[in-house]
Number of protein chains: 2
Amino acid sequence: MARKAGSHAEITGPKVREAALRLFAQYGFAAVSMRQIAREVGVQAGALYTYTTDKQALLFDLMHDHMGDVLAGIAAMPDGSPGERLEWIVRYHIGYNLTHKDGVFINYMELRNLEPENRKVISALRRRYEDAVEAVLVDGQEKGVFQIPDTRLATMAVIAMLNGVNTWYREGGRLSQDRVERIYWNMVRRAVKGA
Amino acid sequence: MARKAGSHAEITGPKVREAALRLFAQYGFAAVSMRQIAREVGVQAGALYTYTTDKQALLFDLMHDHMGDVLAGIAAMPDGSPGERLEWIVRYHIGYNLTHKDGVFINYMELRNLEPENRKVISALRRRYEDAVEAVLVDGQEKGVFQIPDTRLATMAVIAMLNGVNTWYREGGRLSQDRVERIYWNMVRRAVKGA
């Protein structure tokens with residue numbers, strides 16, 4: 001095992017994760033075997049266990065890193081008015097999701113396949129993202145620039161609306177990403193403002 | 001086989017479908033075997049094939065019936081102004097989804113596991129639902145009561161926003177279903193109206 005901890009593991013580790021992410025997204029976690037992941041990477045099934053404890057640990061790591069990445073992104077939100085920050089969130093969320101489709105998909109779909117302790121951790125990270133979005137809505141509400149009947153529901157509504165983009169957006173389609181971001185921002189902006 | 005076509009099939013058929021829906025939603029289509037569905041229903045695996053050709057046909061039937069049900073619902077939309085019809089859609093969509101959680105979940109998640117011909121059929125039905133929603137937005141736009149930069153994107157945004165309710169709503173939670181419907185209608189109404 002010590003032998004594997006060098007450059008070998010550094011190269012193969014990410015490959016294992018990439019293969020697992022791709023296969024989980026395509027077939028679903030429960031349908032993919034460690035053997036299948038090993039075949040995809042081009043190593044023996046036994047070799048995988050030098051990189052991960054088991055398939056559950058692999059899923060948890062993928063979801064955990066995805067959420068870590070998402071949270072690092074929103075933590076870098078520039079200062080600005082509530083409106084400016086909400087527009088930034090709309091663009092960040094759409095842009096991030098469109099470049100991490102498999103990660104987004106398994107993070108939504110495979111929560112049910114996490115063991116309870118793991119699920120608690122991922123749900124808490126997800127909640128932190130929701131809280132970061134809600135903080136902007138609450139700030140806008142307190143400053144009187146937003147009129148929102150329920151900031152928690154508005155948070156969930158905005159996130160769901162933005163997540164939806166991944167289900168229909170195709171690169172090179174009718175609309176550029178920037179145009180999509182502007183149209184969504186337009187709708188979100190009006191949804192949180194007074195009638 | 002003729003013997004099975006009587007009351008036996010009438011009782012077991014729906015049970016097979018209910019079991020398949022529940023198991024697909026819980027573990028994912030690819031991870032569930034016909035044997036597992038048979039065990040859940042309490043029949044021999046071979047007996048399932050008197051009710052369905054194979055697992056793919058079972059998935060297709062479930063998704064097809066779900067969409068048929070959804071479309072029958074929206075076809076019953078009462079007449080009214082664009083605003084009244086859009087409010088009706090918001091309430092119908094949330095109410096339907098909350099009472100058909102497994103069906104909604106597999107219809108979103110398992111499209112990728114349908115064979116190409118089947119996927120085409122389901123996608124076309126889904127498109128018909130989107131078209132019915134968009135027709136209301138277009139009507140409101142033409143009558144000057146809605147101001148929407150892109151009615152197709154607004155349709156997708158509204159549907160995604162409403163679908164999101166299923167991910168967090170719990171019966172007996174902080175908010176009644178009626179209150180949730182009203183808050184979502186409030187946000188949708190403002191999103192489609194002028195700034």
# chains A, B, ... in the order shown; residues from 1 in each chain; ligands from 1
>>> residues_around(residues="His100 in chain A", least_positions_apart="4", cutoff="12 Å", atoms="only C-alpha atoms", output="list of chain:residue names")
A:Glu18, A:Leu21, A:Arg22, A:Ala25, A:Leu62, A:Met63, A:Asp65, A:His66, A:Met67, A:Asp69, A:Val70, A:His93, A:Ile94, A:Gly95, A:Tyr96, A:Val104, A:Phe105, A:Ile106, A:Asn107, A:Asn163, A:Asn166
>>> interface_residues(of="chain A", to="chain B", cutoff="6 Å", atoms="only C-alpha atoms", output="count of residues only")
10
>>> residues_around(residues="Gly80 in chain B", least_positions_apart="6", cutoff="12 Å", atoms="only C-alpha atoms", output="PDB file with N, CA, C and O atoms, in the first residue's frame")
ATOM      1  N   LEU B  86     -52.949  31.111 -14.774  1.00  0.00           N
ATOM      2  CA  LEU B  86     -51.600  30.842 -14.274  1.00  0.00           C
ATOM      3  C   LEU B  86     -51.639  30.474 -12.789  1.00  0.00           C
ATOM      4  O   LEU B  86     -50.922  29.562 -12.340  1.00  0.00           O
ATOM      5  N   GLU B  87     -52.495  31.147 -12.042  1.00  0.00           N
ATOM      6  CA  GLU B  87     -52.637  30.779 -10.623  1.00  0.00           C
ATOM      7  C   GLU B  87     -53.156  29.342 -10.497  1.00  0.00           C
ATOM      8  O   GLU B  87     -52.680  28.563  -9.661  1.00  0.00           O
ATOM      9  N   TRP B  88     -54.119  29.007 -11.345  1.00  0.00           N
ATOM     10  CA  TRP B  88     -54.647  27.640 -11.322  1.00  0.00           C
ATOM     11  C   TRP B  88     -53.522  26.630 -11.585  1.00  0.00           C
ATOM     12  O   TRP B  88     -53.426  25.596 -10.907  1.00  0.00           O
ATOM     13  N   ILE B  89     -52.673  26.928 -12.575  1.00  0.00           N
ATOM     14  CA  ILE B  89     -51.562  26.025 -12.909  1.00  0.00           C
ATOM     15  C   ILE B  89     -50.613  25.857 -11.719  1.00  0.00           C
ATOM     16  O   ILE B  89     -50.192  24.744 -11.396  1.00  0.00           O
ATOM     17  N   VAL B 136     -50.520  29.934 -21.809  1.00  0.00           N
ATOM     18  CA  VAL B 136     -51.082  30.911 -20.869  1.00  0.00           C
ATOM     19  C   VAL B 136     -50.175  32.141 -20.773  1.00  0.00           C
ATOM     20  O   VAL B 136     -50.652  33.286 -20.755  1.00  0.00           O
ATOM     21  N   ASP B 139     -50.536  34.136 -23.981  1.00  0.00           N
ATOM     22  CA  ASP B 139     -51.819  34.832 -23.981  1.00  0.00           C
ATOM     23  C   ASP B 139     -51.735  36.094 -23.118  1.00  0.00           C
ATOM     24  O   ASP B 139     -52.166  37.183 -23.536  1.00  0.00           O
ATOM     25  N   GLY B 140     -51.149  35.957 -21.930  1.00  0.00           N
ATOM     26  CA  GLY B 140     -51.001  37.105 -21.039  1.00  0.00           C
ATOM     27  C   GLY B 140     -50.091  38.170 -21.637  1.00  0.00           C
ATOM     28  O   GLY B 140     -50.324  39.376 -21.470  1.00  0.00           O
TER      29      GLY B 140
END
>>> residues_around(residues="Ile74 in chain A", least_positions_apart="2", cutoff="8 Å", atoms="only C-alpha atoms", output="PyMOL selection string")
chain A and resi 70-72+76-77+89+92+129+132
